[in-house]
>>> print(open('data-v5.pdb').read())   # PDB, C-alpha atoms and all ligand atoms
ATOM      1  CA  ILE M   1      -5.868   1.909  -3.292
ATOM      2  CA  THR M   2      -6.654  -1.774  -2.959
ATOM      3  CA  ASP M   3      -7.359  -3.695   0.249
ATOM      4  CA  TYR M   4      -3.957  -5.307  -0.198
ATOM      5  CA  LEU M   5      -2.296  -1.887  -0.139
ATOM      6  CA  TRP M   6      -4.384  -0.695   2.845
ATOM      7  CA  ASP M   7      -3.207  -3.794   4.725
ATOM      8  CA  GLY M   8       0.370  -2.931   3.835
ATOM      9  CA  ILE M   9      -0.044   0.655   5.043
ATOM     10  CA  ARG M  10      -1.489  -0.547   8.361
ATOM     11  CA  GLN M  11       1.374  -3.018   8.679
ATOM     12  CA  SER M  12       3.845  -0.188   8.065
ATOM     13  CA  TYR M  13       2.261   1.839  10.919
ATOM     14  CA  LEU M  14       2.633  -1.216  13.150
ATOM     15  CA  ASP M  15       6.226  -1.892  12.125
ATOM     16  CA  MET M  16       7.273   1.738  12.570
ATOM     17  CA  ALA M  17       5.669   1.922  16.019
ATOM     18  CA  GLU M  18       7.255  -1.350  17.115
ATOM     19  CA  ILE M  19      10.693  -0.211  15.945
ATOM     20  CA  GLN M  20      10.366   3.129  17.713
ATOM     21  CA  PHE M  21       9.299   1.587  21.024
ATOM     22  CA  ALA M  22      12.121  -0.949  20.706
ATOM     23  CA  ALA M  23      14.520   1.975  20.240
ATOM     24  CA  GLY M  24      13.291   3.607  23.441
ATOM     25  CA  ALA M  25      10.531   5.977  22.328
ATOM     26  CA  GLU M  26       8.285   7.096  25.188
ATOM     27  CA  ALA M  27       5.342   7.932  22.923
ATOM     28  CA  VAL M  28       4.515   7.145  19.310
ATOM     29  CA  GLN M  29       1.809   8.435  16.989
ATOM     30  CA  ALA M  30       0.911   6.887  13.629
ATOM     31  CA  ILE M  31       0.639   9.164  10.579
ATOM     32  CA  HIS M  32      -3.142   8.846  10.653
ATOM     33  CA  MET M  33      -5.763  11.513  11.403
ATOM     34  CA  ASP M  34      -7.371   9.360  14.123
ATOM     35  CA  SER M  35      -4.199   8.231  15.833
ATOM     36  CA  ALA M  36      -3.559   9.290  19.407
ATOM     37  CA  TRP M  37      -0.147   9.247  21.043
ATOM     38  CA  TYR M  38       0.508   5.746  22.337
ATOM     39  CA  THR M  39       2.782   5.135  25.280
ATOM     40  CA  SER M  40       3.426   1.410  24.881
ATOM     41  CA  TRP M  41       3.832  -1.019  22.017
ATOM     42  CA  LYS M  42       0.900  -3.055  23.371
ATOM     43  CA  GLU M  43      -1.377  -0.011  23.354
ATOM     44  CA  ALA M  44      -0.171   1.083  19.907
ATOM     45  CA  LYS M  45      -0.643  -2.364  18.407
ATOM     46  CA  ALA M  46      -4.250  -2.642  19.619
ATOM     47  CA  ALA M  47      -5.166   0.904  18.548
ATOM     48  CA  ILE M  48      -3.468   0.848  15.152
ATOM     49  CA  ASN M  49      -5.275  -2.376  14.319
ATOM     50  CA  GLU M  50      -8.566  -0.479  14.800
ATOM     51  CA  LEU M  51      -7.680   2.619  12.740
ATOM     52  CA  PRO M  52     -10.034   3.112   9.745
ATOM     53  CA  MET M  53      -7.963   2.694   6.605
ATOM     54  CA  ARG M  54      -9.530   5.039   4.094
ATOM     55  CA  PRO M  55      -8.706   8.206   2.129
ATOM     56  CA  HIS M  56      -8.340  11.440   4.105
ATOM     57  CA  ARG M  57      -7.890   9.503   7.368
ATOM     58  CA  ALA M  58      -4.732   7.550   6.533
ATOM     59  CA  ARG M  59      -2.193  10.144   5.409
ATOM     60  CA  ILE M  60      -0.061   9.159   2.469
ATOM     61  CA  PHE M  61       2.516  11.536   1.089
ATOM     62  CA  THR M  62       6.046  11.665  -0.143
ATOM     63  CA  ALA M  63       8.429  14.596  -0.429
ATOM     64  CA  HIS M  64      11.238  13.242  -2.580
ATOM     65  CA  GLN M  65       9.751  11.425  -5.524
ATOM     66  CA  MET M  66      12.306  11.066  -8.322
ATOM     67  CA  GLY M  67      13.124   8.741 -11.167
ATOM     68  CA  GLY M  68       9.736   8.635 -12.930
ATOM     69  CA  CYS M  69      11.295   9.775 -16.229
ATOM     70  CA  GLY M  70      14.876   8.781 -15.464
ATOM     71  CA  MET M  71      17.672  10.151 -17.671
ATOM     72  CA  GLY M  72      20.289   8.029 -19.343
ATOM     73  CA  SER M  73      22.028   7.359 -22.606
ATOM     74  CA  ASN M  74      20.382   3.990 -23.256
ATOM     75  CA  PRO M  75      16.769   4.383 -24.488
ATOM     76  CA  GLU M  76      15.997   0.867 -23.278
ATOM     77  CA  GLU M  77      16.791   1.837 -19.699
ATOM     78  CA  SER M  78      15.789   5.500 -19.530
ATOM     79  CA  VAL M  79      13.097   7.938 -20.678
ATOM     80  CA  VAL M  80      15.115  11.074 -21.481
ATOM     81  CA  ASN M  81      18.753  11.853 -22.244
ATOM     82  CA  GLY M  82      21.052  13.854 -19.965
ATOM     83  CA  PHE M  83      19.517  17.110 -21.234
ATOM     84  CA  GLY M  84      15.938  16.019 -20.482
ATOM     85  CA  GLU M  85      15.093  15.358 -24.142
ATOM     86  CA  HIS M  86      12.724  12.455 -24.596
ATOM     87  CA  HIS M  87      14.322   9.495 -26.368
ATOM     88  CA  HIS M  88      11.307   8.778 -28.567
ATOM     89  CA  VAL M  89       9.063  11.850 -28.714
ATOM     90  CA  ALA M  90      10.614  14.667 -30.742
ATOM     91  CA  ASN M  91      10.295  18.160 -29.234
ATOM     92  CA  LEU M  92       9.461  16.903 -25.740
ATOM     93  CA  SER M  93      11.787  17.904 -22.910
ATOM     94  CA  VAL M  94      11.337  17.172 -19.219
ATOM     95  CA  HIS M  95      12.972  19.573 -16.750
ATOM     96  CA  ASP M  96      12.100  18.463 -13.243
ATOM     97  CA  ALA M  97      12.963  16.056 -10.449
ATOM     98  CA  SER M  98      11.546  13.096 -12.346
ATOM     99  CA  ILE M  99      14.629  12.851 -14.569
ATOM    100  CA  PHE M 100      16.999  11.855 -11.770
ATOM    101  CA  PRO M 101      17.769   8.204 -12.480
ATOM    102  CA  THR M 102      16.639   7.347  -8.962
ATOM    103  CA  SER M 103      16.094   9.066  -5.639
ATOM    104  CA  ILE M 104      19.306  10.951  -4.949
ATOM    105  CA  GLY M 105      19.174  10.318  -1.225
ATOM    106  CA  ALA M 106      19.501  13.983  -0.227
ATOM    107  CA  ASN M 107      17.362  17.112  -0.266
ATOM    108  CA  PRO M 108      16.962  17.557  -4.022
ATOM    109  CA  GLN M 109      15.656  21.076  -4.508
ATOM    110  CA  LEU M 110      18.941  22.816  -5.401
ATOM    111  CA  SER M 111      19.892  19.951  -7.702
ATOM    112  CA  VAL M 112      16.484  20.251  -9.409
ATOM    113  CA  TYR M 113      17.064  23.999  -9.884
ATOM    114  CA  ALA M 114      20.558  23.412 -11.273
ATOM    115  CA  LEU M 115      19.474  20.672 -13.655
ATOM    116  CA  ALA M 116      16.440  22.637 -14.860
ATOM    117  CA  ALA M 117      18.520  25.806 -15.351
ATOM    118  CA  ARG M 118      21.204  23.961 -17.306
ATOM    119  CA  ASN M 119      18.760  22.092 -19.508
ATOM    120  CA  SER M 120      16.446  25.073 -20.058
ATOM    121  CA  VAL M 121      19.327  27.294 -21.192
ATOM    122  CA  ARG M 122      20.400  24.616 -23.629
ATOM    123  CA  LEU M 123      16.848  24.123 -24.905
ATOM    124  CA  ALA M 124      16.412  27.888 -25.377
ATOM    125  CA  GLN M 125      19.680  28.049 -27.334
ATOM    126  CA  LYS M 126      18.580  25.153 -29.558
ATOM    127  CA  LEU M 127      15.196  26.744 -30.236
ATOM    128  CA  ALA M 128      16.806  30.135 -30.938
ATOM    129  CA  ALA M 129      19.240  28.535 -33.383
ATOM    130  CA  LYS M 130      16.326  26.939 -35.259
ATOM    131  CA  SER M 131      14.345  30.165 -35.689
TER     132      SER M 131
HETATM  133  C1  LIG U 201       6.678  18.585   2.346
HETATM  134  C2  LIG U 201       7.906  18.674   1.475
HETATM  135  C3  LIG U 201       9.101  19.130   2.006
HETATM  136  C4  LIG U 201      10.245  19.237   1.208
HETATM  137  N1  LIG U 201      11.380  19.724   1.763
HETATM  138  C5  LIG U 201      12.480  19.881   1.004
HETATM  139  C6  LIG U 201      13.672  20.472   1.550
HETATM  140  O1  LIG U 201      13.720  20.868   2.726
HETATM  141  N2  LIG U 201      14.753  20.578   0.744
HETATM  142  C7  LIG U 201      14.762  20.165  -0.547
HETATM  143  O2  LIG U 201      15.778  20.293  -1.229
HETATM  144  N3  LIG U 201      13.648  19.593  -1.096
HETATM  145  C8  LIG U 201      12.511  19.459  -0.358
HETATM  146  N4  LIG U 201      11.373  18.920  -0.891
HETATM  147  C9  LIG U 201      11.425  18.388  -2.261
HETATM  148  C10 LIG U 201      11.347  19.468  -3.339
HETATM  149  O3  LIG U 201      10.309  20.381  -2.970
HETATM  150  C11 LIG U 201      10.992  18.770  -4.669
HETATM  151  O4  LIG U 201      11.975  17.770  -4.933
HETATM  152  C12 LIG U 201      10.994  19.752  -5.827
HETATM  153  O5  LIG U 201      10.092  20.805  -5.585
HETATM  154  C13 LIG U 201      10.598  19.025  -7.091
HETATM  155  O6  LIG U 201      10.609  19.956  -8.148
HETATM  156  P1  LIG U 201       9.800  19.675  -9.462
HETATM  157  O7  LIG U 201       9.992  20.882 -10.319
HETATM  158  O8  LIG U 201      10.184  18.352 -10.029
HETATM  159  O9  LIG U 201       8.264  19.520  -9.023
HETATM  160  P2  LIG U 201       7.300  20.559  -8.292
HETATM  161  O10 LIG U 201       8.056  21.565  -7.490
HETATM  162  O11 LIG U 201       6.261  19.712  -7.613
HETATM  163  O12 LIG U 201       6.646  21.353  -9.518
HETATM  164  C14 LIG U 201       5.612  20.797 -10.306
HETATM  165  C15 LIG U 201       4.767  21.973 -10.777
HETATM  166  O13 LIG U 201       3.889  21.525 -11.805
HETATM  167  C16 LIG U 201       2.627  22.102 -11.583
HETATM  168  N5  LIG U 201       1.650  21.273 -12.267
HETATM  169  C17 LIG U 201       1.236  20.029 -11.945
HETATM  170  N6  LIG U 201       0.333  19.580 -12.829
HETATM  171  C18 LIG U 201       0.179  20.579 -13.728
HETATM  172  C19 LIG U 201      -0.636  20.706 -14.888
HETATM  173  N7  LIG U 201      -1.425  19.743 -15.328
HETATM  174  N8  LIG U 201      -0.549  21.867 -15.587
HETATM  175  C20 LIG U 201       0.292  22.857 -15.180
HETATM  176  N9  LIG U 201       1.075  22.764 -14.074
HETATM  177  C21 LIG U 201       1.014  21.645 -13.367
HETATM  178  C22 LIG U 201       2.479  22.128 -10.078
HETATM  179  O14 LIG U 201       1.527  23.084  -9.683
HETATM  180  C23 LIG U 201       3.893  22.538  -9.663
HETATM  181  O15 LIG U 201       4.080  23.936  -9.621
HETATM  182  C24 LIG U 201      10.203  18.834  -0.147
HETATM  183  C25 LIG U 201       8.985  18.400  -0.694
HETATM  184  C26 LIG U 201       7.861  18.326   0.102
HETATM  185  C27 LIG U 201       6.530  17.879  -0.506
END
>>> encode(input="data-v5.pdb", output="structure tokens", more="lines below")
Ligand SMILES: Cc1cc2nc3c(=O)[nH]c(=O)nc-3n(C[C@H](O)[C@H](O)[C@H](O)COP(=O)(O)OP(=O)(O)OC[C@H]3O[C@@H](n4cnc5c(N)ncnc54)[C@H](O)[C@@H]3O)c2cc1C
Amino acid sequence: ITDYLWDGIRQSYLDMAEIQFAAGAEAVQAIHMDSAWYTSWKEAKAAINELPMRPHRARIFTAHQMGGCGMGSNPEESVVNGFGEHHHVANLSVHDASIFPTSIGANPQLSVYALAARNSVRLAQKLAAKS
């Protein structure tokens, strides 16, 4: 994580706090191990600017990462086809959330199960037919 990115993360804490106070929040806490609850934008701004931006203090996580190996029919715009088969590497199939073309904008777990079940059954049938 570069200094540029740390600055961006701090700025995102500031922007989120400012938005929440503007919307009427009575108390706001940044997603940082050392953040207290702040009861005014002025207090939050001063405190967030002093938070140490380093691993294990600033919390960075995501729950819905998708699209890393996006599926599609055009190999120039996608990594795998609609069945999770890699466009260029023979015998490589990807059966997880990464093959959604982009974040689907909803809780994805059941869709991941469905896609993986469909594509795994097909892969098993293909492998069985070969042997
Ligand atoms: C905090 C949180 C809350 C969430 N809440 C919801 C929710 O309420 N509803 C919903 O629908 N979705 C929710 N999600 C999203 C959902 O959990 C994921 O979209 C889904 O689990 C992704 O499935 P996946 O199979 O792609 O990856 P994962 O479930 O992450 O599976 C990847 C697997 O690969 C294994 N692995 C990694 N590296 C290796 C390696 N080198 N060798 C062997 N194994 C390896 C990991 O141990 C893991 O078991 C949430 C996610 C998080 C983090």
>>> residues_near_ligand(input="data-v5.pdb", ligand="ligand LIG 201 (chain U)", cutoff="8 Å", atoms="only C-alpha atoms and all ligand atoms", output="list in words")
Phe61, Thr62, Ala63, His64, Gln65, Met66, His95, Asp96, Ala97, Ser98, Ala106, Asn107, Pro108, Gln109, Leu110, Ser111, Val112 and Tyr113 of chain M
>>> closest_residue(input="data-v5.pdb", among="M:Arg59, M:Lys130, M:Arg54, M:His86", to="Asp3 of chain M", atoms="all atoms listed in the file")
M:Arg54
>>> atom_distance(input="data-v5.pdb", atom1="atom CA of Gly67 of chain M", atom2="atom CA of Ile1 of chain M")
21.7 Å
>>> axis_aligned_box(input="data-v5.pdb", around="segment 69-73 of chain M", padding_each_side="4 Å", output="lines of an AutoDock Vina configuration file")
center_x = 16.7
center_y = 8.8
center_z = -19.0
size_x = 18.7
size_y = 10.8
size_z = 15.1
>>> resolve_selection(input="data-v5.pdb", expression="the PyMOL selection byres (((chain M and resi 57) around 6) and not hetatm)", output="count of residues only")
6
>>> atom_distance(input="data-v5.pdb", atom1="atom CA of Ala25 of chain M", atom2="atom CA of Ser103 of chain M")
28.7 Å
>>> atom_distance(input="data-v5.pdb", atom1="atom CA of Leu14 of chain M", atom2="atom CA of Glu26 of chain M")
15.7 Å
>>> residues_around(input="data-v5.pdb", residues="segment 78-82 of chain M", least_positions_apart="2", cutoff="10 Å", atoms="only C-alpha atoms", output="PyMOL selection string")
chain M and resi 67-76+84-89+92-95+98-101+115+119
>>> resolve_selection(input="data-v5.pdb", expression="the PyMOL selection byres (((chain M and resi 10) around 12) and not hetatm)", output="PyMOL selection string")
chain M and resi 3-9+11-17+30-32+35+44-54+57-60
>>> closest_residue(input="data-v5.pdb", among="M:Thr102, M:Glu77, M:Asp34, M:Trp41", to="Gln20 of chain M", atoms="only C-alpha atoms")
M:Trp41
>>> closest_residue(input="data-v5.pdb", among="M:Arg118, M:Gly105, M:Ala124, M:Glu43", to="Gln29 of chain M", atoms="only C-alpha atoms")
M:Glu43
>>> closest_residue(input="data-v5.pdb", among="M:Phe83, M:Lys126, M:Lys42, M:Ala36", to="Phe21 of chain M", atoms="all atoms listed in the file")
M:Lys42
